[in-house]
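A.B. asks: File target.csv below, CSV, C-alpha atoms:
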chain,number,residue,atom,x,y,z
T,125,MET,CA,-3.4,-3.5,13.9
T,126,SER,CA,-1.9,-1.2,11.3
T,127,GLU,CA,-3.7,1.4,9.0
T,128,PHE,CA,-2.7,-0.5,5.9
T,129,THR,CA,-5.1,-3.4,6.9
T,130,ALA,CA,-8.0,-1.1,5.8
T,131,LEU,CA,-6.8,-1.6,2.2
T,132,PRO,CA,-7.8,-4.7,0.2
T,133,ASP,CA,-6.0,-7.9,0.6
T,134,LEU,CA,-4.5,-8.3,-2.9
T,135,ALA,CA,-3.8,-12.0,-2.4
T,136,LEU,CA,-7.2,-13.1,-1.1
T,137,ARG,CA,-8.5,-16.2,-2.8
T,138,SER,CA,-12.0,-14.7,-3.2
T,139,LEU,CA,-10.3,-11.8,-5.2
T,140,GLY,CA,-8.6,-14.3,-7.5
T,141,GLY,CA,-5.4,-15.0,-5.6
T,142,SER,CA,-3.7,-18.4,-5.8
T,143,VAL,CA,-0.8,-20.2,-4.0
T,144,ILE,CA,0.7,-21.6,-7.2
T,145,ALA,CA,3.6,-23.5,-5.6
T,146,ALA,CA,5.3,-24.4,-2.4
T,147,ASN,CA,8.4,-26.5,-1.8
T,148,ASP,CA,6.6,-28.6,0.8
T,149,GLU,CA,3.1,-29.0,2.3
T,150,SER,CA,3.5,-32.3,4.1
T,151,PHE,CA,1.2,-31.5,7.0
T,152,ALA,CA,-1.2,-28.8,5.8
T,153,GLU,CA,-2.1,-27.5,2.4
T,154,ARG,CA,-0.6,-24.3,1.0
T,155,GLU,CA,-4.0,-23.0,-0.3
T,156,SER,CA,-5.0,-22.2,3.3
T,157,LEU,CA,-2.7,-19.2,3.4
T,158,ILE,CA,-5.0,-17.0,1.4
T,159,ARG,CA,-8.4,-18.2,2.6
T,160,PRO,CA,-10.9,-15.5,3.7
T,161,GLY,CA,-11.6,-15.1,7.4
T,162,ARG,CA,-9.9,-15.9,10.6
T,163,PRO,CA,-8.2,-19.4,10.9
T,164,GLY,CA,-10.1,-22.0,12.7
T,165,PHE,CA,-8.9,-24.8,15.0
T,166,GLN,CA,-10.4,-27.8,16.7
T,167,PRO,CA,-8.1,-29.6,19.2
T,168,HIS,CA,-7.6,-33.4,18.9
T,169,THR,CA,-8.8,-33.5,15.3
T,170,PHE,CA,-6.2,-35.9,13.8
T,171,GLY,CA,-5.9,-37.0,10.3
T,172,ALA,CA,-3.5,-39.3,8.6
T,173,LYS,CA,-0.8,-36.6,8.7
T,174,GLY,CA,-1.4,-35.5,12.3
T,175,GLN,CA,-3.3,-32.6,13.9
T,176,VAL,CA,-5.5,-30.8,11.3
T,177,TYR,CA,-4.5,-27.2,10.9
T,178,ASP,CA,-6.2,-24.4,9.0
T,179,GLY,CA,-3.0,-23.1,7.5
T,180,TRP,CA,0.2,-24.2,5.6
T,181,GLU,CA,2.6,-26.5,7.4
T,182,THR,CA,5.8,-28.1,6.3
T,183,ARG,CA,7.7,-31.1,7.6
T,184,ARG,CA,10.6,-30.8,10.0
T,185,ARG,CA,13.7,-30.1,8.0
T,186,ARG,CA,16.8,-32.3,8.5
T,187,GLU,CA,18.9,-30.6,5.8
T,188,PRO,CA,20.0,-27.0,5.2
T,189,GLY,CA,17.7,-24.5,3.5
T,190,HIS,CA,14.3,-23.1,4.2
T,191,ASP,CA,10.7,-23.5,3.0
T,192,TRP,CA,8.7,-21.2,0.8
T,193,ALA,CA,5.3,-20.6,-0.8
T,194,LEU,CA,4.7,-18.6,-4.0
T,195,VAL,CA,1.5,-16.5,-4.3
T,196,ARG,CA,0.0,-15.0,-7.5
T,197,LEU,CA,-1.9,-11.8,-6.4
T,198,GLY,CA,-5.5,-11.8,-7.5
T,199,LEU,CA,-5.3,-8.0,-7.8
T,200,PRO,CA,-1.8,-6.7,-8.9
T,201,GLY,CA,-0.9,-3.5,-7.2
T,202,VAL,CA,1.3,-1.5,-4.8
T,203,ILE,CA,1.8,-3.4,-1.6
T,204,ARG,CA,1.5,-1.3,1.6
T,205,GLY,CA,1.7,-3.9,4.2
T,206,ILE,CA,2.1,-7.6,5.0
T,207,VAL,CA,0.4,-9.7,7.8
T,208,ILE,CA,1.9,-13.0,8.7
T,209,ASP,CA,-0.5,-14.9,11.0
T,210,THR,CA,0.7,-18.0,12.9
T,211,ALA,CA,-2.7,-18.5,14.6
T,212,TRP,CA,-2.9,-21.9,16.5
T,213,PHE,CA,0.7,-22.8,15.5
T,214,ARG,CA,2.3,-22.8,19.0
T,215,GLY,CA,5.0,-25.5,19.0
T,216,ASN,CA,5.5,-25.7,15.2
T,217,TYR,CA,5.7,-22.1,14.0
T,218,PRO,CA,8.8,-20.8,12.1
T,219,PRO,CA,11.0,-18.6,14.2
T,220,HIS,CA,11.8,-16.3,11.2
T,221,ALA,CA,10.1,-15.2,7.9
T,222,SER,CA,10.6,-12.9,5.0
T,223,VAL,CA,8.6,-11.8,2.0
T,224,GLU,CA,9.7,-11.1,-1.6
T,225,ALA,CA,7.8,-9.6,-4.5
T,226,VAL,CA,8.1,-9.4,-8.3
T,227,SER,CA,6.2,-8.0,-11.2
T,228,MET,CA,5.7,-10.2,-14.3
T,229,GLU,CA,3.2,-9.5,-17.0
T,230,GLY,CA,1.2,-12.2,-18.7
T,231,TYR,CA,0.9,-15.7,-17.3
T,232,PRO,CA,4.4,-16.9,-16.2
T,233,THR,CA,5.1,-20.4,-15.2
T,234,VAL,CA,6.5,-21.4,-11.8
T,235,ALA,CA,9.9,-22.0,-13.4
T,236,GLU,CA,9.9,-18.5,-15.0
T,237,LEU,CA,9.0,-17.0,-11.6
T,238,GLU,CA,11.7,-18.8,-9.8
T,239,ALA,CA,14.2,-17.4,-12.3
T,240,ALA,CA,12.9,-13.8,-11.9
T,241,ASP,CA,14.6,-11.0,-10.2
T,242,TRP,CA,12.8,-10.8,-6.8
T,243,THR,CA,12.8,-7.8,-4.4
T,244,GLU,CA,12.8,-8.3,-0.7
T,245,ILE,CA,9.9,-6.2,0.8
T,246,VAL,CA,9.9,-7.7,4.3
T,247,PRO,CA,13.4,-8.6,5.5
T,248,LYS,CA,14.1,-11.8,7.5
T,249,SER,CA,12.3,-11.1,10.8
T,250,GLU,CA,11.6,-12.8,14.0
T,251,ILE,CA,8.0,-14.1,14.4
T,252,LYS,CA,6.2,-15.8,17.3
T,253,GLY,CA,3.6,-18.6,17.6
T,254,ASP,CA,-0.1,-18.0,17.6
T,255,ALA,CA,0.2,-14.3,16.7
T,256,GLU,CA,-0.3,-11.8,13.9
T,257,HIS,CA,2.7,-9.9,12.7
T,258,PHE,CA,2.4,-6.6,10.9
T,259,PHE,CA,5.0,-5.3,8.5
T,260,GLU,CA,4.7,-2.0,6.6
T,261,VAL,CA,6.1,-2.0,3.1
T,262,ALA,CA,7.9,1.0,1.5
T,263,ASP,CA,8.0,0.2,-2.2
T,264,GLU,CA,6.0,2.1,-4.8
T,265,ARG,CA,6.4,-0.4,-7.5
T,266,ARG,CA,3.5,-2.5,-8.8
T,267,HIS,CA,3.8,-6.2,-8.1
T,268,THR,CA,2.0,-9.3,-9.4
T,269,HIS,CA,3.4,-12.1,-7.2
T,270,VAL,CA,4.9,-12.5,-3.7
T,271,ARG,CA,7.0,-15.3,-2.1
T,272,LEU,CA,6.7,-16.1,1.6
T,273,ASN,CA,9.9,-17.6,3.0
T,274,ILE,CA,9.9,-19.3,6.4
T,275,PHE,CA,13.1,-20.2,8.3
T,276,PRO,CA,13.7,-23.1,8.5
T,277,ASP,CA,10.2,-24.8,8.5
T,278,GLY,CA,6.9,-24.9,10.3
T,279,GLY,CA,3.4,-23.5,9.9
T,280,VAL,CA,1.7,-20.2,9.0
T,281,ALA,CA,-2.0,-19.9,9.1
T,282,ARG,CA,-2.6,-16.8,6.8
T,283,LEU,CA,-0.7,-14.4,4.6
T,284,ARG,CA,-2.3,-11.0,4.0
T,285,VAL,CA,-1.0,-8.7,1.3
T,286,HIS,CA,-2.7,-5.3,1.7
T,287,GLY,CA,-2.3,-2.6,-0.9
T,288,GLU,CA,-3.7,-0.4,-3.7
T,289,VAL,CA,-4.9,-2.1,-6.8
T,290,ARG,CA,-3.0,-1.2,-10.0
T,291,PRO,CA,-4.6,-3.0,-13.0
T,292,ASP,CA,-3.7,-2.6,-16.7
T,293,LEU,CA,-6.7,-0.5,-17.9
T,294,ALA,CA,-5.2,-0.4,-21.4
T,295,LEU,CA,-7.1,-3.7,-21.9
T,296,TYR,CA,-10.3,-1.7,-21.8
T,297,ASP,CA,-9.3,0.8,-24.5
T,298,GLY,CA,-12.5,1.4,-26.5
T,299,LEU,CA,-14.5,-0.9,-24.3
T,300,SER,CA,-16.9,-0.4,-21.4
T,301,LEU,CA,-16.1,-1.5,-17.9
T,302,ASP,CA,-17.2,-1.4,-14.2
T,303,LEU,CA,-15.7,1.9,-13.0
T,304,ALA,CA,-16.4,0.9,-9.4
T,305,ALA,CA,-14.8,-2.5,-9.4
T,306,LEU,CA,-12.1,-3.2,-6.9
T,307,GLU,CA,-10.3,-5.3,-9.5
T,308,ASN,CA,-10.2,-2.3,-11.8
T,309,GLY,CA,-8.6,0.0,-9.2
T,310,ALA,CA,-11.7,1.5,-7.5
T,311,LEU,CA,-11.6,2.1,-3.7
T,312,VAL,CA,-13.9,3.4,-1.0
T,313,THR,CA,-12.1,6.4,0.4
T,314,ALA,CA,-14.7,7.6,2.9
T,315,CYS,CA,-17.7,6.1,4.7
T,316,SER,CA,-20.1,7.3,7.3
T,317,ASN,CA,-20.3,4.0,9.2
T,318,GLN,CA,-18.9,0.4,8.9
T,319,PHE,CA,-20.1,-1.1,12.1
T,320,TYR,CA,-20.9,-4.6,10.7
T,321,SER,CA,-18.6,-4.9,7.6
T,322,SER,CA,-16.2,-3.1,5.4
T,323,PRO,CA,-17.6,-0.8,2.7
T,324,ASN,CA,-15.0,-2.0,0.2
T,325,ASN,CA,-17.0,-5.3,0.1
T,326,VAL,CA,-19.5,-3.6,-2.2
T,327,LEU,CA,-16.7,-3.3,-4.9
T,328,ALA,CA,-15.7,-7.0,-4.7
T,329,PRO,CA,-16.0,-9.4,-7.6
T,330,GLY,CA,-18.9,-11.8,-7.9
T,331,LEU,CA,-22.1,-12.0,-5.8
T,332,ALA,CA,-22.3,-11.7,-2.1
T,333,ARG,CA,-23.1,-15.0,-0.5
T,334,HIS,CA,-24.4,-13.5,2.7
T,335,GLN,CA,-24.8,-10.2,4.6
T,336,ALA,CA,-21.2,-10.2,5.9
T,337,GLU,CA,-19.9,-10.1,2.3
T,338,GLY,CA,-21.6,-6.7,1.7
T,339,TRP,CA,-21.6,-3.4,3.6
T,340,GLU,CA,-23.9,-2.9,6.6
T,341,THR,CA,-24.2,0.0,8.9
T,342,ALA,CA,-25.5,0.4,12.5
T,343,ARG,CA,-29.0,1.6,13.0
T,344,ARG,CA,-29.2,5.4,12.8
T,345,ARG,CA,-31.1,7.3,15.6
T,346,ASP,CA,-30.2,10.8,14.6
T,347,GLY,CA,-32.4,11.5,11.5
T,348,GLY,CA,-29.5,11.5,9.1
T,349,ASN,CA,-28.4,9.0,6.5
T,350,ASP,CA,-25.4,6.8,5.7
T,351,TRP,CA,-23.1,7.2,2.7
T,352,LEU,CA,-19.8,6.2,1.1
T,353,VAL,CA,-17.4,7.8,-1.4
T,354,ILE,CA,-15.9,5.7,-4.2
T,355,ARG,CA,-12.7,6.7,-6.1
T,356,LEU,CA,-13.4,5.3,-9.5
T,357,ALA,CA,-10.9,3.2,-11.5
T,358,GLY,CA,-10.3,6.4,-13.5
T,359,ALA,CA,-12.1,9.4,-14.8
T,360,GLY,CA,-15.1,8.1,-16.7
T,361,ILE,CA,-18.7,8.5,-17.9
T,362,ILE,CA,-21.2,6.4,-16.0
T,363,ARG,CA,-24.1,4.9,-18.1
T,364,LEU,CA,-25.6,2.3,-15.7
T,365,ALA,CA,-25.7,1.9,-12.0
T,366,GLU,CA,-26.4,-1.4,-10.3
T,367,ILE,CA,-27.4,-1.3,-6.6
T,368,ASP,CA,-27.7,-4.8,-5.2
T,369,THR,CA,-29.5,-5.5,-1.8
T,370,THR,CA,-29.3,-9.3,-2.1
T,371,ASN,CA,-29.3,-11.1,1.3
T,372,LEU,CA,-30.5,-7.9,3.0
T,373,LEU,CA,-34.0,-9.0,3.9
T,374,PHE,CA,-34.9,-6.7,6.8
T,375,ASN,CA,-32.1,-4.2,6.8
T,376,ALA,CA,-32.0,-2.9,3.2
T,377,PRO,CA,-32.1,0.9,2.8
T,378,GLY,CA,-35.4,2.5,1.9
T,379,ALA,CA,-33.8,4.5,-0.9
T,380,VAL,CA,-30.5,5.4,-2.7
T,381,SER,CA,-29.1,8.5,-4.4
T,382,ILE,CA,-25.8,9.0,-6.2
T,383,GLU,CA,-23.7,12.1,-6.9
T,384,GLY,CA,-20.5,12.6,-8.8
T,385,THR,CA,-17.5,14.9,-9.0
T,386,ALA,CA,-14.5,15.5,-11.2
T,387,ASP,CA,-12.7,18.0,-8.9
T,388,GLY,CA,-13.7,17.0,-5.4
T,389,THR,CA,-15.5,20.3,-4.9
T,390,THR,CA,-18.4,20.5,-7.4
T,391,TRP,CA,-20.9,17.7,-6.9
T,392,PHE,CA,-23.8,17.0,-9.2
T,393,GLY,CA,-26.6,14.4,-9.3
T,394,LEU,CA,-26.3,11.2,-11.2
T,395,LEU,CA,-29.3,9.3,-9.7
T,396,PRO,CA,-32.0,11.1,-7.7
T,397,ARG,CA,-33.3,9.6,-4.5
T,398,THR,CA,-34.8,6.3,-5.7
T,399,ARG,CA,-36.8,3.6,-3.8
T,400,LEU,CA,-35.1,0.2,-3.2
T,401,GLN,CA,-36.5,-3.2,-2.4
T,402,PRO,CA,-35.0,-5.8,0.0
T,403,ASP,CA,-33.0,-8.7,-1.4
T,404,THR,CA,-33.1,-7.4,-5.0
T,405,PRO,CA,-30.6,-6.4,-7.7
T,406,HIS,CA,-31.6,-3.0,-9.1
T,407,ARG,CA,-30.4,-1.5,-12.4
T,408,PHE,CA,-30.7,2.2,-13.2
T,409,ARG,CA,-29.8,4.0,-16.4
T,410,ILE,CA,-27.8,7.2,-15.9
T,411,GLY,CA,-28.7,10.1,-18.1
T,412,ASP,CA,-26.1,12.2,-19.9
T,413,ALA,CA,-23.5,13.4,-17.4
T,414,PRO,CA,-19.9,14.5,-17.6
T,415,ALA,CA,-17.0,12.4,-16.6
T,416,VAL,CA,-16.4,11.9,-12.9
T,417,THR,CA,-13.5,10.6,-10.8
T,418,HIS,CA,-15.5,10.0,-7.5
T,419,VAL,CA,-19.1,9.2,-6.6
T,420,ARG,CA,-21.0,9.5,-3.4
T,421,VAL,CA,-23.6,6.8,-2.8
T,422,ASP,CA,-26.2,7.8,-0.1
T,423,ILE,CA,-28.4,5.2,1.4
T,424,HIS,CA,-31.6,6.4,3.2
T,425,PRO,CA,-31.6,6.2,6.1
T,426,ASP,CA,-29.3,3.3,6.9
T,427,GLY,CA,-28.9,-0.5,6.3
T,428,GLY,CA,-26.7,-2.2,3.8
T,429,LEU,CA,-25.7,-3.0,0.2
T,430,ALA,CA,-24.4,-6.2,-1.2
T,431,ARG,CA,-22.7,-4.7,-4.3
T,432,ILE,CA,-22.4,-1.5,-6.3
T,433,ARG,CA,-21.6,-1.6,-10.0
T,434,LEU,CA,-21.1,1.6,-12.1
T,435,HIS,CA,-20.8,0.7,-15.7
T,436,GLY,CA,-19.4,3.1,-18.2
T,437,SER,CA,-16.2,4.1,-20.1
T,438,LEU,CA,-13.0,5.8,-19.3
T,439,SER,CA,-12.5,9.3,-20.6
T,440,GLU,CA,-9.8,9.8,-23.1
T,441,SER,CA,-7.5,11.4,-20.5
Do you think you could lay out the structure here as structure tokens?
C.D. replies:
Amino acid sequence: MSEFTALPDLALRSLGGSVIAANDESFAERESLIRPGRPGFQPHTFGAKGQVYDGWETRRRREPGHDWALVRLGLPGVIRGIVIDTAWFRGNYPPHASVEAVSMEGYPTVAELEAADWTEIVPKSEIKGDAEHFFEVADERRHTHVRLNIFPDGGVARLRVHGEVRPDLALYDGLSLDLAALENGALVTACSNQFYSSPNNVLAPGLARHQAEGWETARRRDGGNDWLVIRLAGAGIIRLAEIDTTNLLFNAPGAVSIEGTADGTTWFGLLPRTRLQPDTPHRFRIGDAPAVTHVRVDIHPDGGLARIRLHGSLSES
């Protein structure tokens, strides 16, 4: 695996991504490309179109050209790496693939996107069957859509587009927002422990459906406590903290505390050590405090959180 896989998957369906078009999906639907989780497979499960695959699969081409799928990123941003996963496609995978990207504001149609000026971010590369392929991307531009090209045809289980979220925060001028939301550009930059699940899960949209969609640490035996550091969407003033332990029935932390910083050196308290209950959304007002760029959330002593929301407003800078 590559380091970029620690960054959010900007195309993930649960983060708002969509496969908005494909030239062909005769055997398996295009929407599977951006599903969460590892692809599944059950042998000898045949439908009207053949073996059922958890992926996107096109017909065998009998004419020149290649197949493609067009993905709108749920979270526009700077792409750091691409994963093309051909899991379970062993005799029907494409021998080559490439990826292009484009940035278009607003809500373009498929026709408008097809006519856009695309940039190749992964050149035409050899790929193998039943394998993950990792491609680093060196392009600092913000993108909103990607296009997966396969040559000439075949099946791909998953497309992962890892990167750094770059939203248009001008939309929130004069309004409040969740400064800790992944979709607004927040990111967990440090964490004491992520044994069971990624800490960035606590910044994801929506509600966690089960424990794996939150952040959960291993059991501590050293007398310390676990923590994570969040880089906020921008410098801002926090007014309300939501600490959600939903689904954590027997492994919720006993307490939480929050500190903030604007320079990475001087830290000050935002929420003193406060008792938590299992399987409960908690909301705490934050008293007058200066603008911060990062917060540290300490859980005592260990356990997990489903979501963290830090509501406030961006500073004028």
A.B. asks: If you count all atoms listed in the file, which residues fall within 10 Å of Phe374 in chain T, apart from same-chain ones fewer than 6 positions away, as a PDB file with C-alpha atoms, in the frame of the given file?
C.D. replies:
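Output file part28.pdb follows:
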ATOM      1  CA  GLN T 401     -36.500  -3.200  -2.400  1.00  0.00           C
ATOM      2  CA  PRO T 402     -35.000  -5.800   0.000  1.00  0.00           C
ATOM      3  CA  ASP T 403     -33.000  -8.700  -1.400  1.00  0.00           C
ATOM      4  CA  GLY T 427     -28.900  -0.500   6.300  1.00  0.00           C
ATOM      5  CA  GLY T 428     -26.700  -2.200   3.800  1.00  0.00           C
TER       6      GLY T 428
END
A.B. asks: Have a look at T:Leu293, T:Ala413, T:Ile423, T:Leu134 and name the one nearest to Arg397 in chain T; count only C-alpha atoms.
C.D. replies: T:Ile423
A.B. asks: Just the residues within 8 Å of range 268-284 of chain T, please, counting all atoms listed in the file, with nothing from its chain fewer than 5 positions along; format it as a PyMOL selection string.
C.D. replies: chain T and resi 133-136+156-159+163+177-185+189-197+199-201+206-213+216-229
A.B. asks: Would you mind telling me which residue in T:Leu131, T:Ile382, T:Val202, T:Ala332 lies nearest to Val312 in chain T when using only C-alpha atoms?
C.D. replies: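 Counting only C-alpha atoms, the residue closest to Val312 in chain T is T:Leu131.
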A.B. asks: Please report the interatomic distance between CA of Leu429 in chain T and CA of Trp339 in chain T in Å with one decimal.
C.D. replies: 5.3 Å
